[in-house]
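Pasted below: run11.pdb, PDB, C-alpha atoms and all ligand atoms.
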```pdb
ATOM      1  CA  MET L   1       0.000   0.000   0.000
ATOM      2  CA  THR L   2       1.366   3.439  -0.925
ATOM      3  CA  VAL L   3       1.540   6.322   1.562
ATOM      4  CA  ARG L   4      -1.124   8.183  -0.401
ATOM      5  CA  GLU L   5      -3.520   5.210  -0.243
ATOM      6  CA  TRP L   6      -2.873   4.889   3.508
ATOM      7  CA  ARG L   7      -3.693   8.585   4.051
ATOM      8  CA  ASN L   8      -6.886   8.281   2.005
ATOM      9  CA  MET L   9      -8.018   5.302   4.078
ATOM     10  CA  SER L  10      -7.287   7.148   7.336
ATOM     11  CA  GLU L  11      -9.250  10.203   6.222
ATOM     12  CA  LEU L  12     -12.210   8.121   5.166
ATOM     13  CA  LYS L  13     -11.943   6.142   8.455
ATOM     14  CA  LEU L  14     -12.268   2.879   6.586
ATOM     15  CA  PRO L  15     -11.572  -0.271   8.612
ATOM     16  CA  LEU L  16      -8.006  -1.440   7.962
ATOM     17  CA  ALA L  17      -8.836  -5.121   8.456
ATOM     18  CA  ALA L  18     -11.703  -7.326   9.440
ATOM     19  CA  GLY L  19     -11.759  -8.389  13.098
ATOM     20  CA  PRO L  20     -13.793  -8.388  16.286
ATOM     21  CA  GLN L  21     -15.227  -4.963  17.145
ATOM     22  CA  GLU L  22     -14.033  -5.071  20.784
ATOM     23  CA  LEU L  23     -10.433  -5.516  19.573
ATOM     24  CA  PHE L  24     -10.617  -2.336  17.506
ATOM     25  CA  ASP L  25     -12.356  -0.505  20.370
ATOM     26  CA  ARG L  26      -9.468  -1.466  22.632
ATOM     27  CA  ILE L  27      -6.852  -0.326  20.106
ATOM     28  CA  ASP L  28      -8.718   2.934  19.456
ATOM     29  CA  ASN L  29      -8.919   3.702  23.179
ATOM     30  CA  THR L  30      -5.274   3.107  24.076
ATOM     31  CA  GLY L  31      -4.520   6.818  23.682
ATOM     32  CA  PHE L  32      -6.600   7.665  26.781
ATOM     33  CA  GLU L  33      -4.417   5.629  29.200
ATOM     34  CA  GLU L  34      -1.267   6.986  27.552
ATOM     35  CA  SER L  35      -2.434  10.580  27.947
ATOM     36  CA  LEU L  36      -2.645  10.070  31.733
ATOM     37  CA  GLY L  37       1.070   9.399  32.047
ATOM     38  CA  GLU L  38       3.040   6.438  33.385
ATOM     39  CA  ASN L  39       2.031   6.663  37.045
ATOM     40  CA  ILE L  40      -1.760   6.566  36.752
ATOM     41  CA  LEU L  41      -3.940   3.479  36.475
ATOM     42  CA  THR L  42      -7.654   3.515  35.837
ATOM     43  CA  THR L  43      -9.898   0.943  37.536
ATOM     44  CA  THR L  44     -13.131   0.696  39.493
ATOM     45  CA  VAL L  45     -13.458   0.891  43.297
ATOM     46  CA  ASP L  46     -14.938  -2.637  43.252
ATOM     47  CA  LYS L  47     -11.846  -4.002  41.527
ATOM     48  CA  ALA L  48      -9.465  -2.139  43.869
ATOM     49  CA  ILE L  49     -11.226  -3.487  46.989
ATOM     50  CA  ASN L  50     -11.384  -7.027  45.562
ATOM     51  CA  TRP L  51      -7.677  -6.841  44.704
ATOM     52  CA  ALA L  52      -6.781  -5.803  48.260
ATOM     53  CA  ARG L  53      -9.008  -8.493  49.775
ATOM     54  CA  LYS L  54      -7.743 -11.341  47.638
ATOM     55  CA  ASN L  55      -4.138 -10.522  48.528
ATOM     56  CA  SER L  56      -4.685 -10.387  52.292
ATOM     57  CA  ILE L  57      -6.758 -13.457  53.201
ATOM     58  CA  TRP L  58      -5.859 -14.075  56.842
ATOM     59  CA  PRO L  59      -6.732 -17.605  58.043
ATOM     60  CA  MET L  60      -7.756 -18.521  61.569
ATOM     61  CA  THR L  61      -5.283 -20.563  63.655
ATOM     62  CA  PHE L  62      -7.488 -23.588  63.851
ATOM     63  CA  GLY L  63      -7.077 -27.298  63.130
ATOM     64  CA  LEU L  64      -9.222 -30.343  63.904
ATOM     65  CA  ALA L  65      -7.102 -33.388  62.986
ATOM     66  CA  CYS L  66      -4.222 -34.728  60.875
ATOM     67  CA  CYS L  67      -5.014 -32.439  57.892
ATOM     68  CA  ALA L  68      -3.881 -29.546  60.077
ATOM     69  CA  ILE L  69      -0.275 -30.788  59.821
ATOM     70  CA  GLU L  70      -0.416 -30.247  56.042
ATOM     71  CA  MET L  71      -2.012 -26.853  56.620
ATOM     72  CA  MET L  72       0.895 -25.917  58.917
ATOM     73  CA  ALA L  73       3.378 -27.110  56.267
ATOM     74  CA  MET L  74       1.704 -24.768  53.787
ATOM     75  CA  SER L  75       2.586 -21.763  55.937
ATOM     76  CA  ALA L  76       6.200 -22.849  56.493
ATOM     77  CA  ALA L  77       9.219 -21.933  54.357
ATOM     78  CA  ARG L  78       9.023 -24.793  51.831
ATOM     79  CA  PHE L  79       5.592 -23.795  50.487
ATOM     80  CA  ASP L  80       5.424 -20.203  51.794
ATOM     81  CA  ILE L  81       1.904 -18.855  51.433
ATOM     82  CA  SER L  82       3.169 -15.349  52.136
ATOM     83  CA  ARG L  83       3.521 -15.229  48.346
ATOM     84  CA  PHE L  84      -0.295 -14.955  48.378
ATOM     85  CA  GLY L  85      -0.509 -12.591  51.366
ATOM     86  CA  ALA L  86      -2.190 -15.333  53.412
ATOM     87  CA  GLU L  87       0.500 -16.226  55.935
ATOM     88  CA  VAL L  88      -0.892 -14.132  58.794
ATOM     89  CA  PHE L  89      -2.659 -16.821  60.831
ATOM     90  CA  ARG L  90      -4.774 -14.993  63.418
ATOM     91  CA  GLY L  91      -5.402 -16.165  66.961
ATOM     92  CA  SER L  92      -8.913 -14.699  67.094
ATOM     93  CA  PRO L  93     -11.907 -15.316  64.800
ATOM     94  CA  ARG L  94     -12.618 -11.570  65.004
ATOM     95  CA  GLN L  95      -9.425 -10.872  63.037
ATOM     96  CA  SER L  96      -9.771 -13.740  60.542
ATOM     97  CA  ASP L  97     -11.035 -13.785  56.947
ATOM     98  CA  LEU L  98     -10.704 -17.494  56.265
ATOM     99  CA  MET L  99     -11.604 -20.621  58.214
ATOM    100  CA  ILE L 100      -9.785 -23.740  56.987
ATOM    101  CA  ILE L 101     -11.608 -26.823  58.253
ATOM    102  CA  ALA L 102      -8.553 -29.082  58.518
ATOM    103  CA  GLY L 103      -9.843 -32.408  59.837
ATOM    104  CA  ARG L 104     -13.023 -34.206  60.799
ATOM    105  CA  VAL L 105     -15.913 -32.340  62.428
ATOM    106  CA  THR L 106     -17.567 -34.268  65.254
ATOM    107  CA  ASN L 107     -21.142 -33.653  66.371
ATOM    108  CA  LYS L 108     -19.685 -32.366  69.623
ATOM    109  CA  MET L 109     -17.393 -29.911  67.802
ATOM    110  CA  ALA L 110     -19.973 -28.718  65.243
ATOM    111  CA  PRO L 111     -21.582 -26.048  67.504
ATOM    112  CA  VAL L 112     -18.096 -24.713  68.330
ATOM    113  CA  VAL L 113     -17.178 -24.487  64.618
ATOM    114  CA  ARG L 114     -20.434 -22.652  63.942
ATOM    115  CA  HIS L 115     -19.874 -20.321  66.885
ATOM    116  CA  LEU L 116     -16.346 -19.443  65.687
ATOM    117  CA  TYR L 117     -17.667 -18.862  62.154
ATOM    118  CA  GLN L 118     -20.321 -16.494  63.462
ATOM    119  CA  GLN L 119     -17.656 -14.516  65.339
ATOM    120  CA  MET L 120     -15.708 -13.826  62.125
ATOM    121  CA  PRO L 121     -16.404 -10.415  60.514
ATOM    122  CA  GLU L 122     -17.770 -10.118  56.971
ATOM    123  CA  PRO L 123     -16.533 -10.823  54.362
ATOM    124  CA  LYS L 124     -15.476 -14.338  55.399
ATOM    125  CA  TRP L 125     -14.658 -17.533  53.548
ATOM    126  CA  VAL L 126     -14.364 -21.238  54.331
ATOM    127  CA  ILE L 127     -12.180 -23.982  52.821
ATOM    128  CA  SER L 128     -13.119 -27.584  53.597
ATOM    129  CA  MET L 129      -9.792 -29.432  53.635
ATOM    130  CA  GLY L 130      -9.723 -33.202  53.119
ATOM    131  CA  ALA L 131     -12.175 -36.056  52.823
ATOM    132  CA  CYS L 132     -13.111 -36.026  56.523
ATOM    133  CA  ALA L 133     -14.183 -32.385  56.619
ATOM    134  CA  THR L 134     -16.131 -32.679  53.368
ATOM    135  CA  SER L 135     -17.822 -36.064  53.750
ATOM    136  CA  THR L 136     -16.545 -37.624  57.044
ATOM    137  CA  GLY L 137     -14.050 -39.592  54.920
ATOM    138  CA  VAL L 138     -12.909 -43.074  55.871
ATOM    139  CA  PHE L 139     -14.561 -42.888  59.287
ATOM    140  CA  SER L 140     -18.113 -42.210  58.117
ATOM    141  CA  ASN L 141     -19.771 -42.947  61.458
ATOM    142  CA  TYR L 142     -22.474 -41.497  63.718
ATOM    143  CA  ALA L 143     -20.032 -39.211  65.564
ATOM    144  CA  LEU L 144     -19.068 -37.125  62.498
ATOM    145  CA  ILE L 145     -20.853 -34.578  60.311
ATOM    146  CA  PRO L 146     -19.883 -33.066  56.898
ATOM    147  CA  VAL L 147     -18.899 -29.451  57.462
ATOM    148  CA  ASN L 148     -21.235 -28.013  54.821
ATOM    149  CA  GLN L 149     -24.115 -29.061  57.097
ATOM    150  CA  VAL L 150     -22.698 -26.742  59.766
ATOM    151  CA  ILE L 151     -21.423 -23.670  57.871
ATOM    152  CA  PRO L 152     -21.313 -22.545  54.197
ATOM    153  CA  VAL L 153     -18.204 -23.671  52.302
ATOM    154  CA  ASP L 154     -16.525 -21.829  49.401
ATOM    155  CA  VAL L 155     -13.899 -24.362  48.255
ATOM    156  CA  PHE L 156     -13.609 -28.125  48.846
ATOM    157  CA  VAL L 157     -10.171 -29.774  48.714
ATOM    158  CA  PRO L 158     -10.177 -33.548  48.022
ATOM    159  CA  GLY L 159      -7.634 -36.016  49.437
ATOM    160  CA  CYS L 160      -6.541 -37.764  52.624
ATOM    161  CA  PRO L 161      -4.578 -35.769  53.518
ATOM    162  CA  PRO L 162      -4.453 -33.169  50.722
ATOM    163  CA  ARG L 163      -0.940 -31.970  49.917
ATOM    164  CA  PRO L 164      -0.017 -28.378  50.822
ATOM    165  CA  GLU L 165       0.050 -27.636  47.074
ATOM    166  CA  GLN L 166      -3.636 -28.620  46.890
ATOM    167  CA  LEU L 167      -4.467 -26.223  49.684
ATOM    168  CA  ILE L 168      -2.517 -23.487  47.912
ATOM    169  CA  TYR L 169      -4.543 -24.222  44.779
ATOM    170  CA  ALA L 170      -7.741 -23.898  46.843
ATOM    171  CA  LEU L 171      -6.475 -20.531  48.059
ATOM    172  CA  MET L 172      -5.890 -19.466  44.459
ATOM    173  CA  LEU L 173      -9.437 -20.543  43.528
ATOM    174  CA  LEU L 174     -10.718 -18.488  46.448
ATOM    175  CA  GLN L 175      -8.698 -15.510  45.208
ATOM    176  CA  LYS L 176     -10.341 -15.911  41.811
ATOM    177  CA  LYS L 177     -13.753 -15.993  43.434
ATOM    178  CA  ILE L 178     -13.030 -12.812  45.428
ATOM    179  CA  GLU L 179     -11.651 -11.090  42.326
ATOM    180  CA  GLN L 180     -14.899 -11.744  40.437
ATOM    181  CA  GLN L 181     -17.218 -10.445  43.152
ATOM    182  CA  THR L 182     -19.554  -7.644  42.101
ATOM    183  CA  GLY L 183     -21.303  -5.034  44.231
ATOM    184  CA  THR L 184     -18.363  -4.869  46.670
ATOM    185  CA  THR L 185     -18.478  -1.094  47.131
ATOM    186  CA  ARG L 186     -22.235  -1.074  47.722
ATOM    187  CA  ALA L 187     -21.821  -3.800  50.351
ATOM    188  CA  VAL L 188     -18.938  -1.929  52.041
ATOM    189  CA  LEU L 189     -21.037   1.256  52.208
ATOM    190  CA  ASN L 190     -24.146  -0.666  53.362
ATOM    191  CA  LEU L 191     -26.150   0.551  50.356
ATOM    192  CA  ASP L 192     -27.916  -2.781  49.715
TER     193      ASP L 192
HETATM  194  S1  LIG B   1      -8.760 -36.507  55.512
HETATM  195 FE1  LIG B   1      -7.173 -37.963  56.172
HETATM  196  S2  LIG B   1      -5.520 -36.654  56.907
HETATM  197 FE2  LIG B   1      -7.369 -35.370  56.825
HETATM  198  S3  LIG B   1      -8.285 -35.491  58.870
HETATM  199 FE3  LIG B   1      -9.189 -37.127  57.630
HETATM  200  S4  LIG B   1      -7.944 -38.943  58.056
HETATM  201 FE4  LIG B   1      -6.770 -37.150  58.712
END
```
Kindly transcribe the structure held in the file into structure tokens.
Amino acid sequence: MTVREWRNMSELKLPLAAGPQELFDRIDNTGFEESLGENILTTTVDKAINWARKNSIWPMTFGLACCAIEMMAMSAARFDISRFGAEVFRGSPRQSDLMIIAGRVTNKMAPVVRHLYQQMPEPKWVISMGACATSTGVFSNYALIPVNQVIPVDVFVPGCPPRPEQLIYALMLLQKKIEQQTGTTRAVLNLD
């Protein structure tokens, strides 16, 4: 194509190639971000809050059985969940965002688990770690209860015991869930 032909096409605003409309919209709008300079990002308040939340999920210091050993390994140097901002295990449910049910829940313990969950501030999340927590596992007897019959669960991790990597993957799935939440600002400002 000659320079003259190129100029004519630009003046007539003819499409240069066929392609999805959203791609051209994105290319056409790049000038706006550039005009703001290098140190400015544009986003929504919802996305900013979700980003902060997903990178600071503080779990409760809380374990019910052998799965808790794997949970502890996850926070140690070899696996290092501080990469995800989730290494700050809190000693109080009032300072915790995440409850990891690491082990079997007995009928005797169920009211305690529920009570601790209710003491956590909103927003709060739950990971059911291992076969016992999710379905009473190999024990499957009258003394145990699946945790989703006690409190709502966001992510289930299979295995007996699950590896620390599996728990990290569950944390990443939870991060994805938090990232995709809508109406965050309205909820924060109590507008719903
Ligand atoms: S799933 Fe396995 S490792 Fe975890 S609490 Fe049950 S028996 Fe223990």
- Note on the structure: Restricting to all atoms listed in the file, whichever of L:Lys177, L:Arg163, L:Arg104, L:His115 is closest to ligand LIG 1 (chain B) is L:Arg104
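Across L:Gly159, L:Thr134, L:Ser92, L:Phe62, the tightest approach to Val113 (chain L) is made by L:Phe62 when counting all atoms listed in the file.
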Give me, as JSON lines, the closest atom pair and its distance (Å, one decimal) for every residue of chain L within a cut-off of 12 Å of ligand LIG 1 (chain B), counting only C-alpha atoms and all ligand atoms, rows sorted by chain and rising number.
```
{"residue": "L:Gly63", "atom": "CA", "partner": "B:LIG1", "partner_atom": "S3", "distance": 9.3}
{"residue": "L:Leu64", "atom": "CA", "partner": "B:LIG1", "partner_atom": "S3", "distance": 7.3}
{"residue": "L:Ala65", "atom": "CA", "partner": "B:LIG1", "partner_atom": "S3", "distance": 4.8}
{"residue": "L:Cys66", "atom": "CA", "partner": "B:LIG1", "partner_atom": "FE4", "distance": 4.1}
{"residue": "L:Cys67", "atom": "CA", "partner": "B:LIG1", "partner_atom": "FE2", "distance": 3.9}
{"residue": "L:Ala68", "atom": "CA", "partner": "B:LIG1", "partner_atom": "S3", "distance": 7.5}
{"residue": "L:Ile69", "atom": "CA", "partner": "B:LIG1", "partner_atom": "S2", "distance": 8.4}
{"residue": "L:Glu70", "atom": "CA", "partner": "B:LIG1", "partner_atom": "S2", "distance": 8.2}
{"residue": "L:Met71", "atom": "CA", "partner": "B:LIG1", "partner_atom": "FE2", "distance": 10.1}
{"residue": "L:Ile100", "atom": "CA", "partner": "B:LIG1", "partner_atom": "FE2", "distance": 11.9}
{"residue": "L:Ile101", "atom": "CA", "partner": "B:LIG1", "partner_atom": "S3", "distance": 9.3}
{"residue": "L:Ala102", "atom": "CA", "partner": "B:LIG1", "partner_atom": "S3", "distance": 6.4}
{"residue": "L:Gly103", "atom": "CA", "partner": "B:LIG1", "partner_atom": "S3", "distance": 3.6}
{"residue": "L:Arg104", "atom": "CA", "partner": "B:LIG1", "partner_atom": "S3", "distance": 5.3}
{"residue": "L:Val105", "atom": "CA", "partner": "B:LIG1", "partner_atom": "S3", "distance": 9.0}
{"residue": "L:Thr106", "atom": "CA", "partner": "B:LIG1", "partner_atom": "S3", "distance": 11.3}
{"residue": "L:Ser128", "atom": "CA", "partner": "B:LIG1", "partner_atom": "S1", "distance": 10.1}
{"residue": "L:Met129", "atom": "CA", "partner": "B:LIG1", "partner_atom": "FE2", "distance": 7.2}
{"residue": "L:Gly130", "atom": "CA", "partner": "B:LIG1", "partner_atom": "S1", "distance": 4.2}
{"residue": "L:Ala131", "atom": "CA", "partner": "B:LIG1", "partner_atom": "S1", "distance": 4.4}
{"residue": "L:Cys132", "atom": "CA", "partner": "B:LIG1", "partner_atom": "FE3", "distance": 4.2}
{"residue": "L:Ala133", "atom": "CA", "partner": "B:LIG1", "partner_atom": "S1", "distance": 6.9}
{"residue": "L:Thr134", "atom": "CA", "partner": "B:LIG1", "partner_atom": "S1", "distance": 8.6}
{"residue": "L:Ser135", "atom": "CA", "partner": "B:LIG1", "partner_atom": "S1", "distance": 9.2}
{"residue": "L:Thr136", "atom": "CA", "partner": "B:LIG1", "partner_atom": "FE3", "distance": 7.4}
{"residue": "L:Gly137", "atom": "CA", "partner": "B:LIG1", "partner_atom": "FE3", "distance": 6.1}
{"residue": "L:Val138", "atom": "CA", "partner": "B:LIG1", "partner_atom": "S4", "distance": 6.8}
{"residue": "L:Phe139", "atom": "CA", "partner": "B:LIG1", "partner_atom": "S4", "distance": 7.8}
{"residue": "L:Ser140", "atom": "CA", "partner": "B:LIG1", "partner_atom": "FE3", "distance": 10.3}
{"residue": "L:Leu144", "atom": "CA", "partner": "B:LIG1", "partner_atom": "FE3", "distance": 11.0}
{"residue": "L:Pro146", "atom": "CA", "partner": "B:LIG1", "partner_atom": "FE3", "distance": 11.5}
{"residue": "L:Phe156", "atom": "CA", "partner": "B:LIG1", "partner_atom": "S1", "distance": 11.8}
{"residue": "L:Val157", "atom": "CA", "partner": "B:LIG1", "partner_atom": "S1", "distance": 9.7}
{"residue": "L:Pro158", "atom": "CA", "partner": "B:LIG1", "partner_atom": "S1", "distance": 8.2}
{"residue": "L:Gly159", "atom": "CA", "partner": "B:LIG1", "partner_atom": "S1", "distance": 6.2}
{"residue": "L:Cys160", "atom": "CA", "partner": "B:LIG1", "partner_atom": "FE1", "distance": 3.6}
{"residue": "L:Pro161", "atom": "CA", "partner": "B:LIG1", "partner_atom": "S2", "distance": 3.6}
{"residue": "L:Pro162", "atom": "CA", "partner": "B:LIG1", "partner_atom": "FE2", "distance": 7.1}
{"residue": "L:Arg163", "atom": "CA", "partner": "B:LIG1", "partner_atom": "S2", "distance": 9.6}
{"residue": "L:Pro164", "atom": "CA", "partner": "B:LIG1", "partner_atom": "S2", "distance": 11.7}
{"residue": "L:Leu167", "atom": "CA", "partner": "B:LIG1", "partner_atom": "FE2", "distance": 12.0}
```
Save out the residues we just selected, C-alpha atoms, as a CSV table (one decimal), in the coordinates of the input.
```csv
chain,number,residue,atom,x,y,z
L,63,GLY,CA,-7.1,-27.3,63.1
L,64,LEU,CA,-9.2,-30.3,63.9
L,65,ALA,CA,-7.1,-33.4,63.0
L,66,CYS,CA,-4.2,-34.7,60.9
L,67,CYS,CA,-5.0,-32.4,57.9
L,68,ALA,CA,-3.9,-29.5,60.1
L,69,ILE,CA,-0.3,-30.8,59.8
L,70,GLU,CA,-0.4,-30.2,56.0
L,71,MET,CA,-2.0,-26.9,56.6
L,100,ILE,CA,-9.8,-23.7,57.0
L,101,ILE,CA,-11.6,-26.8,58.3
L,102,ALA,CA,-8.6,-29.1,58.5
L,103,GLY,CA,-9.8,-32.4,59.8
L,104,ARG,CA,-13.0,-34.2,60.8
L,105,VAL,CA,-15.9,-32.3,62.4
L,106,THR,CA,-17.6,-34.3,65.3
L,128,SER,CA,-13.1,-27.6,53.6
L,129,MET,CA,-9.8,-29.4,53.6
L,130,GLY,CA,-9.7,-33.2,53.1
L,131,ALA,CA,-12.2,-36.1,52.8
L,132,CYS,CA,-13.1,-36.0,56.5
L,133,ALA,CA,-14.2,-32.4,56.6
L,134,THR,CA,-16.1,-32.7,53.4
L,135,SER,CA,-17.8,-36.1,53.8
L,136,THR,CA,-16.5,-37.6,57.0
L,137,GLY,CA,-14.0,-39.6,54.9
L,138,VAL,CA,-12.9,-43.1,55.9
L,139,PHE,CA,-14.6,-42.9,59.3
L,140,SER,CA,-18.1,-42.2,58.1
L,144,LEU,CA,-19.1,-37.1,62.5
L,146,PRO,CA,-19.9,-33.1,56.9
L,156,PHE,CA,-13.6,-28.1,48.8
L,157,VAL,CA,-10.2,-29.8,48.7
L,158,PRO,CA,-10.2,-33.5,48.0
L,159,GLY,CA,-7.6,-36.0,49.4
L,160,CYS,CA,-6.5,-37.8,52.6
L,161,PRO,CA,-4.6,-35.8,53.5
L,162,PRO,CA,-4.5,-33.2,50.7
L,163,ARG,CA,-0.9,-32.0,49.9
L,164,PRO,CA,0.0,-28.4,50.8
L,167,LEU,CA,-4.5,-26.2,49.7
```
- Query: Between L:Leu191, L:Ile145, L:Ile178, L:Ala48, which has the minimum distance to Lys108 (chain L) (counting only C-alpha atoms)?
  - Reply: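 Between L:Leu191, L:Ile145, L:Ile178, L:Ala48, the residue approaching Lys108 (chain L) most closely is L:Ile145.
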- Query: Hey, what comes out of the PyMOL selection byres (((chain L and resi 56-58) around 9) and not hetatm) on this file? Could you write it as number ranges by chain?
  - Reply: L: 51-55, 59-60, 84-90, 95-99, 125, 171, 175
- Could you jot down the CA of Arg114 (chain L) to CA of Val153 (chain L) separation for me, Å, one decimal place?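 Taking CA of Arg114 (chain L) and CA of Val153 (chain L), their separation equals 11.9 Å.
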- Distance in Å - CA of Val45 (chain L) versus CA of Thr182 (chain L):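 If I compute the distance from CA of Val45 (chain L) to CA of Thr182 (chain L), I get 10.6 Å.
In this comparison, which uses all atoms listed in the file, the residue of L:Pro111, L:Ala170, L:Arg78, L:Gln181 approaching Pro123 (chain L) most closely is L:Gln181.
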- Point-to-point distance in Å for CA of Pro93 (chain L) and CA of Ile81 (chain L): 19.5 Å
